[in-house]
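Asker: Enclosed is the structure file work.csv (CSV, C-alpha atoms).
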chain,number,residue,atom,x,y,z
A,1102,MET,CA,10.5,-5.6,-12.5
A,1103,ASP,CA,10.8,-4.6,-16.1
A,1104,PRO,CA,10.8,-1.1,-17.3
A,1105,ILE,CA,7.5,0.1,-18.8
A,1106,SER,CA,7.4,-0.6,-22.4
A,1107,GLY,CA,5.2,0.6,-25.3
A,1108,GLU,CA,4.2,4.0,-26.6
A,1109,GLY,CA,3.3,6.8,-24.3
A,1110,LEU,CA,4.9,8.5,-21.4
A,1111,VAL,CA,4.7,8.0,-17.6
A,1112,ILE,CA,5.4,11.1,-15.6
A,1113,ALA,CA,5.4,11.6,-11.8
A,1114,ILE,CA,4.3,14.9,-10.2
A,1115,THR,CA,5.6,15.0,-6.7
A,1116,GLY,CA,6.5,17.4,-4.0
A,1117,PRO,CA,5.8,18.2,-0.4
A,1118,PRO,CA,2.2,18.3,1.0
A,1119,GLY,CA,0.3,21.5,0.2
A,1120,VAL,CA,2.3,22.9,-2.7
A,1121,GLY,CA,-0.6,22.5,-5.0
A,1122,LYS,CA,0.1,19.3,-6.9
A,1123,SER,CA,-3.6,18.3,-7.4
A,1124,CYS,CA,-4.4,21.8,-8.5
A,1125,LEU,CA,-1.5,21.8,-10.9
A,1126,VAL,CA,-2.6,18.4,-12.3
A,1127,ASP,CA,-6.1,19.9,-12.8
A,1128,GLY,CA,-4.7,22.8,-14.7
A,1129,LEU,CA,-2.6,20.4,-16.8
A,1130,LEU,CA,-5.6,18.1,-17.6
A,1131,HIS,CA,-7.6,21.2,-18.7
A,1132,ARG,CA,-4.9,21.8,-21.3
A,1133,LEU,CA,-4.3,18.2,-22.3
A,1134,ALA,CA,-7.8,16.8,-22.7
A,1135,PRO,CA,-9.6,15.9,-24.9
A,1136,GLU,CA,-6.7,15.9,-27.4
A,1137,HIS,CA,-4.7,13.6,-25.2
A,1138,ILE,CA,-6.0,10.5,-23.4
A,1139,VAL,CA,-4.6,10.8,-19.9
A,1140,ALA,CA,-4.7,8.7,-16.8
A,1141,VAL,CA,-4.0,10.0,-13.3
A,1142,LEU,CA,-2.9,7.6,-10.6
A,1143,ALA,CA,-3.3,9.6,-7.3
A,1144,VAL,CA,-1.3,8.1,-4.5
A,1145,ASP,CA,-2.2,9.0,-0.9
A,1146,PRO,CA,-0.9,7.5,2.4
A,1147,THR,CA,-2.7,4.8,4.3
A,1148,SER,CA,-3.3,5.5,8.0
A,1149,PRO,CA,-0.7,3.5,9.9
A,1150,LEU,CA,-3.1,3.1,12.8
A,1151,SER,CA,-6.3,1.8,11.1
A,1152,GLY,CA,-5.0,0.7,7.7
A,1153,GLY,CA,-7.7,2.8,6.1
A,1154,ALA,CA,-7.3,5.8,3.9
A,1155,LEU,CA,-9.1,9.0,2.9
A,1156,LEU,CA,-8.5,9.6,-0.8
A,1157,GLY,CA,-9.6,13.1,-1.7
A,1158,ASP,CA,-7.6,14.1,-4.8
A,1159,ARG,CA,-10.7,14.0,-7.0
A,1160,ILE,CA,-12.2,17.0,-5.2
A,1161,ARG,CA,-9.6,19.3,-6.8
A,1162,LEU,CA,-10.1,18.0,-10.3
A,1163,SER,CA,-12.6,20.5,-11.7
A,1164,VAL,CA,-11.8,19.2,-15.1
A,1165,LEU,CA,-14.0,16.2,-14.4
A,1166,ASP,CA,-17.0,18.5,-14.4
A,1167,ASP,CA,-16.4,19.3,-18.0
A,1168,THR,CA,-18.2,16.6,-20.0
A,1169,SER,CA,-16.2,17.4,-23.2
A,1170,LYS,CA,-13.0,16.5,-21.3
A,1171,ALA,CA,-14.0,14.0,-18.6
A,1172,ASP,CA,-14.3,11.1,-21.1
A,1173,SER,CA,-10.7,11.3,-22.1
A,1174,ILE,CA,-9.5,11.2,-18.5
A,1175,TYR,CA,-9.2,8.3,-16.1
A,1176,VAL,CA,-8.5,9.0,-12.4
A,1177,ARG,CA,-7.7,6.3,-9.9
A,1178,SER,CA,-7.0,6.9,-6.2
A,1179,ILE,CA,-4.4,4.6,-4.7
A,1180,ALA,CA,-3.6,4.1,-1.0
A,1181,THR,CA,0.0,3.2,-0.1
A,1182,ARG,CA,-1.3,0.4,2.2
A,1183,SER,CA,1.2,-1.2,4.6
A,1184,SER,CA,4.1,-2.2,2.5
A,1185,SER,CA,6.5,0.1,0.8
A,1186,GLY,CA,7.3,-2.5,-1.7
A,1187,ALA,CA,4.0,-3.6,-3.1
A,1188,VAL,CA,2.4,-0.3,-4.1
A,1189,PRO,CA,5.1,0.8,-6.5
A,1190,SER,CA,4.9,-2.5,-8.3
A,1191,ILE,CA,1.1,-2.3,-8.5
A,1192,ILE,CA,1.3,1.2,-9.9
A,1193,GLN,CA,3.9,0.0,-12.4
A,1194,GLY,CA,1.5,-2.7,-13.5
A,1195,LEU,CA,-1.4,-0.2,-13.8
A,1196,ALA,CA,0.7,2.2,-15.8
A,1197,SER,CA,1.8,-0.4,-18.2
A,1198,HIS,CA,-1.7,-1.6,-18.6
A,1199,LEU,CA,-3.1,1.9,-19.3
A,1200,LEU,CA,-0.3,2.6,-21.8
A,1201,GLY,CA,-1.2,-0.6,-23.6
A,1202,ASN,CA,-4.8,0.4,-23.8
A,1203,GLY,CA,-4.8,3.7,-25.6
A,1204,PHE,CA,-3.6,6.1,-22.9
A,1205,GLY,CA,-0.9,8.4,-24.2
A,1206,LEU,CA,0.1,9.9,-20.8
A,1207,VAL,CA,0.0,8.5,-17.3
A,1208,ILE,CA,0.5,11.0,-14.5
A,1209,ILE,CA,1.5,9.5,-11.1
A,1210,GLU,CA,0.6,12.1,-8.4
A,1211,THR,CA,2.2,11.5,-5.1
A,1212,VAL,CA,3.4,13.3,-2.0
A,1213,GLY,CA,7.2,13.4,-2.1
A,1214,ALA,CA,7.7,12.3,1.4
A,1215,GLY,CA,8.4,8.8,2.6
A,1216,GLN,CA,9.9,5.8,0.9
A,1217,ALA,CA,6.8,4.3,-0.6
A,1218,GLU,CA,5.9,7.6,-2.3
A,1219,MET,CA,9.4,8.2,-3.5
A,1220,ARG,CA,9.5,4.8,-5.1
A,1221,CYS,CA,6.1,5.5,-6.8
A,1222,ALA,CA,7.7,8.5,-8.4
A,1223,ALA,CA,10.7,6.4,-9.4
A,1224,ILE,CA,8.6,4.3,-11.7
A,1225,ALA,CA,8.0,7.2,-14.0
A,1226,ASP,CA,10.0,8.0,-17.2
A,1227,ARG,CA,10.2,11.7,-16.1
A,1228,ILE,CA,9.8,13.3,-12.7
A,1229,ILE,CA,8.5,16.7,-12.0
A,1230,VAL,CA,9.0,18.1,-8.5
A,1231,VAL,CA,6.6,20.9,-7.4
A,1232,GLU,CA,7.7,23.4,-4.8
A,1233,GLY,CA,6.0,26.5,-3.4
A,1234,PRO,CA,6.7,29.6,-1.3
A,1235,ALA,CA,6.4,30.1,2.4
A,1236,ARG,CA,7.2,26.6,3.4
A,1237,GLY,CA,10.2,27.2,5.7
A,1238,ASP,CA,13.4,25.3,5.8
A,1239,GLY,CA,12.2,22.4,7.8
A,1240,ILE,CA,12.4,19.7,5.2
A,1241,GLN,CA,15.7,20.4,3.5
A,1242,ALA,CA,16.9,16.8,3.7
A,1243,GLU,CA,13.7,15.5,2.2
A,1244,LYS,CA,13.9,18.0,-0.5
A,1245,ALA,CA,17.5,17.0,-1.4
A,1246,GLY,CA,16.4,13.4,-2.0
A,1247,LEU,CA,13.5,14.6,-4.2
A,1248,LEU,CA,15.5,17.2,-6.1
A,1249,GLU,CA,17.9,14.5,-7.1
A,1250,LEU,CA,15.1,12.8,-8.9
A,1251,ALA,CA,13.7,15.9,-10.7
A,1252,ASP,CA,13.8,16.4,-14.4
A,1253,LEU,CA,11.9,19.6,-14.1
A,1254,ILE,CA,11.1,21.8,-11.1
A,1255,ILE,CA,7.9,23.7,-11.0
A,1256,VAL,CA,7.6,26.5,-8.4
A,1257,ASN,CA,3.8,26.9,-7.9
A,1258,LYS,CA,1.9,29.7,-6.3
A,1259,SER,CA,3.8,32.4,-8.2
A,1260,ASP,CA,0.9,34.7,-7.3
A,1261,LEU,CA,2.1,34.6,-3.6
A,1262,PRO,CA,5.0,36.6,-2.3
A,1263,GLY,CA,8.2,34.6,-1.8
A,1264,ALA,CA,8.0,32.5,-5.1
A,1265,ASP,CA,10.9,34.4,-6.6
A,1266,LYS,CA,13.0,33.6,-3.5
A,1267,VAL,CA,12.2,29.9,-3.8
A,1268,VAL,CA,13.3,30.0,-7.4
A,1269,ASN,CA,16.5,31.8,-6.4
A,1270,ASP,CA,17.2,29.4,-3.5
A,1271,LEU,CA,16.7,26.4,-5.7
A,1272,THR,CA,18.8,27.8,-8.5
A,1273,MET,CA,21.6,28.4,-6.0
A,1274,SER,CA,21.5,25.0,-4.4
A,1275,LEU,CA,21.4,23.3,-7.8
A,1276,SER,CA,24.1,25.4,-9.4
A,1277,LEU,CA,26.8,22.9,-8.3
A,1278,THR,CA,25.1,20.2,-10.3
A,1279,ASP,CA,26.4,19.5,-13.8
A,1280,ASP,CA,23.0,18.9,-15.4
A,1281,SER,CA,20.6,20.8,-13.1
A,1282,PRO,CA,16.9,20.6,-14.0
A,1283,GLU,CA,15.1,23.6,-15.4
A,1284,ILE,CA,13.1,25.6,-12.9
A,1285,ILE,CA,9.8,27.3,-14.0
A,1286,LYS,CA,7.3,29.4,-12.1
A,1287,VAL,CA,3.6,29.0,-12.4
A,1288,SER,CA,0.3,29.8,-10.6
A,1289,ALA,CA,-1.9,26.8,-11.0
A,1290,LEU,CA,-4.7,28.8,-9.3
A,1291,GLN,CA,-4.6,31.6,-11.7
A,1292,GLY,CA,-3.4,29.6,-14.7
A,1293,ASP,CA,-0.2,31.6,-15.2
A,1294,GLY,CA,2.5,29.7,-17.0
A,1295,LEU,CA,0.4,26.6,-17.5
A,1296,ASP,CA,-0.1,26.9,-21.3
A,1297,GLN,CA,3.5,26.0,-22.0
A,1298,LEU,CA,3.5,22.9,-19.8
A,1299,PRO,CA,2.0,20.2,-22.1
A,1300,ALA,CA,4.7,20.8,-24.7
A,1301,MET,CA,7.4,21.0,-22.1
A,1302,ILE,CA,6.4,17.7,-20.6
A,1303,PHE,CA,6.3,15.8,-23.9
A,1304,ALA,CA,9.7,17.3,-24.8
A,1305,LEU,CA,11.2,16.8,-21.4
A,1306,GLU,CA,14.6,15.0,-21.4
A,1307,SER,CA,15.6,12.7,-18.6
A,1308,ARG,CA,18.7,14.0,-16.8
A,1309,VAL,CA,21.6,11.6,-16.5
A,1310,SER,CA,21.8,12.1,-12.7
A,1311,SER,CA,18.0,11.7,-12.2
A,1312,GLN,CA,18.1,8.6,-14.3
A,1313,ARG,CA,20.7,7.2,-11.9
A,1314,ALA,CA,18.8,8.2,-8.8
A,1315,ARG,CA,15.7,6.6,-10.3
A,1316,ASN,CA,17.4,3.4,-11.1
A,1317,ARG,CA,18.8,3.3,-7.6
A,1318,GLN,CA,15.3,3.5,-6.3
A,1319,ARG,CA,14.2,0.7,-8.7
A,1320,LEU,CA,17.0,-1.5,-7.7
A,1321,LEU,CA,16.3,-1.1,-4.0
A,1322,MET,CA,12.6,-1.6,-4.6
A,1323,SER,CA,13.2,-4.8,-6.5
A,1324,HIS,CA,15.7,-6.1,-3.9
A,1325,GLU,CA,13.2,-5.4,-1.0
A,1326,HIS,CA,10.4,-7.0,-3.0
A,1327,SER,CA,12.4,-10.2,-3.5
A,1328,LEU,CA,13.3,-10.2,0.2
A,1329,THR,CA,9.8,-9.7,1.5
A,1330,SER,CA,8.2,-12.1,-1.0
A,1331,ASN,CA,10.5,-14.9,0.2
A,1332,PRO,CA,8.2,-17.6,1.7
A,1333,LEU,CA,10.5,-17.9,4.7
A,1334,PHE,CA,10.4,-14.1,5.5
A,1335,GLU,CA,7.8,-14.2,8.2
A,1336,ALA,CA,9.2,-17.3,9.8
A,1337,VAL,CA,12.7,-15.9,9.9
A,1338,LEU,CA,11.2,-12.7,11.3
A,1339,ASP,CA,9.6,-14.7,14.1
A,1340,ARG,CA,12.8,-16.5,14.9
A,1341,MET,CA,14.7,-13.2,15.1
A,1342,SER,CA,12.3,-11.8,17.7
A,1343,GLN,CA,11.5,-15.0,19.6
A,1344,GLU,CA,14.6,-17.1,19.4
A,1345,GLY,CA,17.2,-14.4,19.1
A,1346,LEU,CA,18.3,-15.5,15.6
A,1347,SER,CA,21.1,-13.1,14.5
A,1348,LEU,CA,20.7,-10.7,11.6
A,1349,ALA,CA,23.7,-12.3,9.8
A,1350,HIS,CA,22.1,-15.8,10.1
A,1351,ALA,CA,18.7,-14.4,9.1
A,1352,LEU,CA,20.1,-12.9,6.0
A,1353,GLU,CA,21.9,-16.2,5.2
A,1354,GLU,CA,18.6,-18.1,5.5
A,1355,LEU,CA,16.8,-15.7,3.2
A,1356,SER,CA,19.5,-15.4,0.6
B,1131,MET,CA,-12.4,-5.6,11.7
B,1132,GLY,CA,-13.8,-7.0,8.4
B,1133,GLU,CA,-11.9,-6.9,5.1
B,1134,ARG,CA,-10.9,-3.6,3.6
B,1135,GLN,CA,-13.4,-2.1,1.2
B,1136,ARG,CA,-13.2,0.7,-1.3
B,1137,ILE,CA,-16.0,3.1,-0.6
B,1138,ILE,CA,-17.2,6.2,-2.4
B,1139,ILE,CA,-18.7,8.9,-0.3
B,1140,ALA,CA,-20.7,11.3,-2.5
B,1141,LYS,CA,-22.8,14.4,-2.3
B,1142,PRO,CA,-25.3,14.3,-5.2
B,1143,GLY,CA,-27.2,17.3,-6.3
B,1144,LEU,CA,-27.4,20.9,-5.0
B,1145,ASP,CA,-26.6,20.5,-1.4
B,1146,GLY,CA,-23.8,22.4,0.2
B,1147,HIS,CA,-23.6,20.6,3.6
B,1148,ASP,CA,-20.9,18.0,3.8
B,1149,ARG,CA,-20.0,17.9,7.5
B,1150,GLY,CA,-22.0,14.6,7.8
B,1151,ALA,CA,-20.4,13.1,4.8
B,1152,LYS,CA,-16.9,14.0,6.0
B,1153,VAL,CA,-17.6,12.5,9.5
B,1154,VAL,CA,-18.8,9.3,7.9
B,1155,ALA,CA,-15.8,9.2,5.5
B,1156,ARG,CA,-13.5,9.7,8.5
B,1157,ALA,CA,-15.2,7.0,10.5
B,1158,LEU,CA,-14.9,4.5,7.6
B,1159,ARG,CA,-11.3,5.3,7.2
B,1160,ASP,CA,-10.7,4.8,10.9
B,1161,GLY,CA,-12.5,1.5,10.5
B,1162,GLY,CA,-9.8,0.4,8.1
B,1163,HIS,CA,-11.5,1.1,4.7
B,1164,GLU,CA,-10.3,3.1,1.8
B,1165,VAL,CA,-12.6,6.0,1.3
B,1166,ILE,CA,-12.8,8.2,-1.8
B,1167,TYR,CA,-14.7,11.5,-1.2
B,1168,THR,CA,-16.1,13.1,-4.3
B,1169,GLY,CA,-16.7,16.6,-3.0
B,1170,LEU,CA,-19.9,18.6,-3.3
B,1171,ARG,CA,-22.5,18.9,-6.0
B,1172,ARG,CA,-21.9,15.7,-8.1
B,1173,THR,CA,-24.4,14.5,-10.7
B,1174,PRO,CA,-25.6,10.9,-10.5
B,1175,ASN,CA,-23.6,10.2,-13.7
B,1176,GLN,CA,-20.4,11.6,-12.2
B,1177,ILE,CA,-20.9,9.4,-9.1
B,1178,VAL,CA,-21.4,6.3,-11.2
B,1179,ARG,CA,-18.4,7.1,-13.2
B,1180,THR,CA,-16.3,7.5,-10.1
B,1181,ALA,CA,-17.5,4.2,-8.7
B,1182,MET,CA,-16.4,2.6,-12.0
B,1183,ASP,CA,-13.0,4.3,-12.2
B,1184,GLU,CA,-12.2,3.7,-8.6
B,1185,ASP,CA,-13.4,0.0,-8.6
B,1186,ALA,CA,-15.5,0.7,-5.5
B,1187,ARG,CA,-17.6,-1.9,-3.7
B,1188,PHE,CA,-19.8,0.7,-1.9
B,1189,VAL,CA,-21.3,4.0,-2.7
B,1190,GLY,CA,-22.6,6.1,0.2
B,1191,LEU,CA,-24.9,9.0,-0.8
B,1192,SER,CA,-25.4,12.0,1.5
B,1193,SER,CA,-28.4,14.3,1.0
B,1194,LEU,CA,-29.8,17.1,3.3
B,1195,SER,CA,-31.6,19.0,0.6
B,1196,GLY,CA,-34.7,16.9,0.2
B,1197,ALA,CA,-33.9,15.6,-3.2
B,1198,HIS,CA,-33.0,12.1,-2.1
B,1199,GLY,CA,-36.3,10.7,-3.5
B,1200,HIS,CA,-35.0,11.5,-7.0
B,1201,LEU,CA,-31.3,11.3,-6.7
B,1202,PHE,CA,-30.8,8.0,-4.8
B,1203,PRO,CA,-32.9,5.9,-7.2
B,1204,THR,CA,-31.3,7.6,-10.2
B,1205,VAL,CA,-27.8,6.6,-8.9
B,1206,CYS,CA,-29.0,3.0,-8.4
B,1207,ASN,CA,-30.5,2.8,-11.9
B,1208,LEU,CA,-27.4,4.2,-13.5
B,1209,LEU,CA,-25.2,1.8,-11.6
B,1210,ARG,CA,-27.3,-1.1,-12.9
B,1211,GLU,CA,-27.3,0.3,-16.5
B,1212,ALA,CA,-23.5,0.5,-16.3
B,1213,GLY,CA,-23.3,-3.1,-15.3
B,1214,LEU,CA,-22.0,-2.3,-11.8
B,1215,ASN,CA,-24.5,-4.7,-10.2
B,1216,ASP,CA,-22.2,-5.7,-7.4
B,1217,VAL,CA,-21.9,-2.1,-6.0
B,1218,ILE,CA,-23.7,-1.7,-2.7
B,1219,VAL,CA,-25.5,1.6,-2.1
B,1220,PHE,CA,-26.3,3.2,1.2
B,1221,GLY,CA,-27.5,6.7,2.1
B,1222,GLY,CA,-27.7,9.2,4.9
B,1223,GLY,CA,-28.9,12.6,5.8
B,1224,ILE,CA,-32.3,14.0,6.5
B,1225,ILE,CA,-34.6,11.3,5.1
B,1226,PRO,CA,-38.2,11.1,6.5
B,1227,ASP,CA,-39.2,7.6,7.7
B,1228,ASP,CA,-42.2,7.4,5.3
B,1229,GLU,CA,-39.9,8.0,2.3
B,1230,ARG,CA,-37.5,5.2,3.2
B,1231,PRO,CA,-39.4,2.2,1.8
B,1232,ALA,CA,-39.3,3.6,-1.7
B,1233,LEU,CA,-35.5,4.1,-1.4
B,1234,HIS,CA,-35.0,0.5,-0.1
B,1235,ALA,CA,-37.1,-0.7,-3.1
B,1236,ALA,CA,-34.9,1.2,-5.4
B,1237,GLY,CA,-31.8,-0.7,-4.1
B,1238,VAL,CA,-30.5,1.5,-1.2
B,1239,ARG,CA,-29.4,-1.0,1.4
B,1240,ALA,CA,-29.2,1.2,4.4
B,1241,ILE,CA,-30.3,4.7,5.4
B,1242,PHE,CA,-28.5,6.4,8.3
B,1243,GLY,CA,-30.0,9.4,9.9
B,1244,PRO,CA,-28.7,11.8,12.5
B,1245,GLY,CA,-27.5,10.1,15.7
B,1246,THR,CA,-26.2,7.0,13.9
B,1247,THR,CA,-23.1,5.7,15.5
B,1248,SER,CA,-20.0,5.1,13.4
B,1249,SER,CA,-19.8,1.5,14.7
B,1250,GLU,CA,-23.3,0.9,13.3
B,1251,ILE,CA,-22.2,2.0,9.8
B,1252,LEU,CA,-19.1,-0.2,10.1
B,1253,GLU,CA,-21.3,-3.2,11.1
B,1254,PHE,CA,-23.5,-2.5,8.0
B,1255,ILE,CA,-20.4,-2.6,5.8
B,1256,THR,CA,-19.3,-5.9,7.2
B,1257,GLU,CA,-22.8,-7.4,7.0
B,1258,ALA,CA,-23.6,-6.1,3.5
B,1259,THR,CA,-20.2,-7.4,2.2
B,1260,GLY,CA,-21.1,-10.9,3.5
B,1261,ARG,CA,-24.6,-10.7,1.9
B,1262,ASN,CA,-23.2,-9.6,-1.4
B,1263,CYS,CA,-26.3,-7.4,-1.8
B,1264,GLY,CA,-25.2,-5.2,-4.8
B,1265,VAL,CA,-27.6,-2.9,-6.4
B,1266,GLY,CA,-28.3,-5.5,-9.1
B,1267,SER,CA,-29.0,-8.5,-6.7
B,1268,ASP,CA,-32.4,-10.0,-6.2
B,1269,ASP,CA,-31.9,-9.8,-2.4
B,1270,SER,CA,-34.5,-7.4,-1.0
B,1271,TRP,CA,-32.7,-7.2,2.4
B,1272,HIS,CA,-31.9,-3.8,3.9
B,1273,TRP,CA,-30.2,-2.8,7.1
B,1274,GLY,CA,-32.5,-2.6,10.2
B,1275,GLU,CA,-35.0,-4.9,8.8
Starting from the coordinates I provided, produce the structure as C-alpha cells.
Answerer:
Amino acid sequence: MDPISGEGLVIAITGPPGVGKSCLVDGLLHRLAPEHIVAVLAVDPTSPLSGGALLGDRIRLSVLDDTSKADSIYVRSIATRSSSGAVPSIIQGLASHLLGNGFGLVIIETVGAGQAEMRCAAIADRIIVVEGPARGDGIQAEKAGLLELADLIIVNKSDLPGADKVVNDLTMSLSLTDDSPEIIKVSALQGDGLDQLPAMIFALESRVSSQRARNRQRLLMSHEHSLTSNPLFEAVLDRMSQEGLSLAHALEELS
Amino acid sequence: MGERQRIIIAKPGLDGHDRGAKVVARALRDGGHEVIYTGLRRTPNQIVRTAMDEDARFVGLSSLSGAHGHLFPTVCNLLREAGLNDVIVFGGGIIPDDERPALHAAGVRAIFGPGTTSSEILEFITEATGRNCGVGSDDSWHWGE
C-alpha cells in the first residue's frame, strides 16, 4: 500500500473506550468548520458473534445540527468487520479519495484497542492519543503500544478530579523517551483548552519514534494482506486443519 | 442470514422516546447488519443527509409522537429529491391502522407496531433487499400485504 499522497492531512484520534474521543472530535469540528472542509471516518468494532455492528458516533456530533457548519463536514461510520487486514486498507483508500476531492483534513476516530483499530490509526500522518482520569491501571500494556504511536497526547476531562495525576503519570513514564510527545489537558465537555487545538494539529510534527512505530504497523499490515489475499490461503488453511500440514510447509506453499 | 446491509435507524421530529429504536437497532445488529443510529430529534433533511453520507440501503424511522403522517412522507420525498431512489424506508412506533395506507403510498415499505418480533423485521430486510423496492421504485409492494 502506498502512502497517502496529495494535499491535506490525515490524523487519527485514538484512545481507550470512554475517554471522550467523539466528544473531543465534536469540539474540534465546531472550531474547524466551516473554514476547513473536514471528513471524519469513525471506526467501530464489528460484533464477533453476529458480524453486525452498532455505529453510534454520530450521536455525539452536535456540530451536525449547525447548518452553517454541517455542509463542510462529512461523517462516515465504518465497522471493522472480520478481517484485521481489510479495513485499514479500505480506510486508506477512502482517506486518499477524500483528500483528492477537496477535503483538507481527514480525521480517523478509532478505539485504541485491538489490532485492527491500531492499524487504522497507523494509516494517519499524525496520531493523537486521548487519555482520561479515573481509568485505573488495568490497561497499561495496551497503553504502551498506543503511546508509542502518539505525536500528541490529550488528557481529556480536565474538569474531573485526577486529570493532573494522569498528566503527571504520563509525563513520568514518557520521560525516558528522547522525543516524548507533548501532553495537553482539555475538557471537551466544557470547551476548556480546545481553541488552541486546530492550530496545534496543523503544526504537529511527526515524532521520529512514532514514525517508526507507524511504519512497523504498515509493514505488518501489508505483509498480512499479501498473505491473506493469496488465492491458496483458504486451501492451505484447510489442509493444515484436516490433513495436518505443518506450519513450515504451509508457509512454504504460500510464499 | 441474508447479506449484510447498512441501515440507518432514525428518530425524526420532537419525540424523546427511543427505547424502541434502540431495541430494533440492537436486533438488526444481532442479525448481522451494520446499524447507524442517529440519536433523537433529527430533521428529515438530517436523516436524508445521513443516509447519503453513510451509503445506507435502509432507513428505519421511529415515531411515537403522532407526527408520522407528516415526517415519514417528507423523508421519502427528500430521499427521492436527493436521487437516493434505491434506499428502502420502513417505520415503526405508534401508528394507527387507518393511517398506514397513506404511509405505504408515500413509499414506506413496512410499518412495525408494538409486539413485532425482531425476526419479522429481519425477514423484512431480506425480502425487501431481494425486491429492490427503494423509495423511488414503481413497485407498490409493502410488508404484510
Asker: Got a sec: who's within 6 Å of Ile1254 in chain A, counting all atoms listed in the file, leaving out chain neighbours fewer than 3 positions off, as a PyMOL selection string?
Answerer: chain A and resi 1229-1231+1284
Asker: The selected residues should be written to file as a compact mmCIF listing (two decimals), in the coordinates of the input (atoms: C-alpha atoms).
Answerer:
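Result written to result_29.txt:
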# COMPACT_ATOMS: atom_id res chain seq x y z
CA ILE A 1229 8.50 16.70 -12.00
CA VAL A 1230 9.00 18.10 -8.50
CA VAL A 1231 6.60 20.90 -7.40
CA ILE A 1284 13.10 25.60 -12.90
Asker: How many Å separate CA of Met1322 in chain A from CA of Leu1206 in chain A?
Answerer: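 These two atoms are separated by 23.5 Å.
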Asker: Taking all atoms listed in the file into account and nothing else, which residues of chain B lie no more than 7 Å away from chain A? Please answer as a PyMOL selection string.
Answerer: chain B and resi 1159-1169+1183-1184
Asker: May I have the protein, DNA and RNA residues with an atom at most 9 Å from (14.6, 24.6, -15.0), counting all atoms listed in the file in the file's coordinates, returned as a list in words?
Answerer: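 Residues with an atom close enough to that point: Asp1252, Leu1253, Ile1254, Ile1255, Thr1272, Ser1281, Pro1282, Glu1283, Ile1284 and Ile1285 of chain A.
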Asker: Once you count all atoms listed in the file, which residues end up no further than 10 Å from (-27.8, -8.3, -6.8) in the file's frame, shown as an mmCIF file with C-alpha atoms, in the coordinates of the input?
Answerer:
data_model
loop_
_atom_site.group_PDB
_atom_site.id
_atom_site.type_symbol
_atom_site.label_atom_id
_atom_site.label_comp_id
_atom_site.auth_asym_id
_atom_site.auth_seq_id
_atom_site.Cartn_x
_atom_site.Cartn_y
_atom_site.Cartn_z
ATOM 1 C CA ARG B 1210 -27.300 -1.100 -12.900
ATOM 2 C CA LEU B 1214 -22.000 -2.300 -11.800
ATOM 3 C CA ASN B 1215 -24.500 -4.700 -10.200
ATOM 4 C CA ASP B 1216 -22.200 -5.700 -7.400
ATOM 5 C CA VAL B 1217 -21.900 -2.100 -6.000
ATOM 6 C CA ILE B 1218 -23.700 -1.700 -2.700
ATOM 7 C CA GLY B 1237 -31.800 -0.700 -4.100
ATOM 8 C CA ARG B 1261 -24.600 -10.700 1.900
ATOM 9 C CA ASN B 1262 -23.200 -9.600 -1.400
ATOM 10 C CA CYS B 1263 -26.300 -7.400 -1.800
ATOM 11 C CA GLY B 1264 -25.200 -5.200 -4.800
ATOM 12 C CA VAL B 1265 -27.600 -2.900 -6.400
ATOM 13 C CA GLY B 1266 -28.300 -5.500 -9.100
ATOM 14 C CA SER B 1267 -29.000 -8.500 -6.700
ATOM 15 C CA ASP B 1268 -32.400 -10.000 -6.200
ATOM 16 C CA ASP B 1269 -31.900 -9.800 -2.400
ATOM 17 C CA SER B 1270 -34.500 -7.400 -1.000
#
Asker: Name the closest residue to Thr1204 in chain B among the candidates B:Gly1222, B:Pro1142, B:Asp1148, B:Glu1257; distances are taken between atoms, counting only C-alpha atoms.
Answerer: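 Answer, going by the shortest atom-to-atom distance: B:Pro1142.
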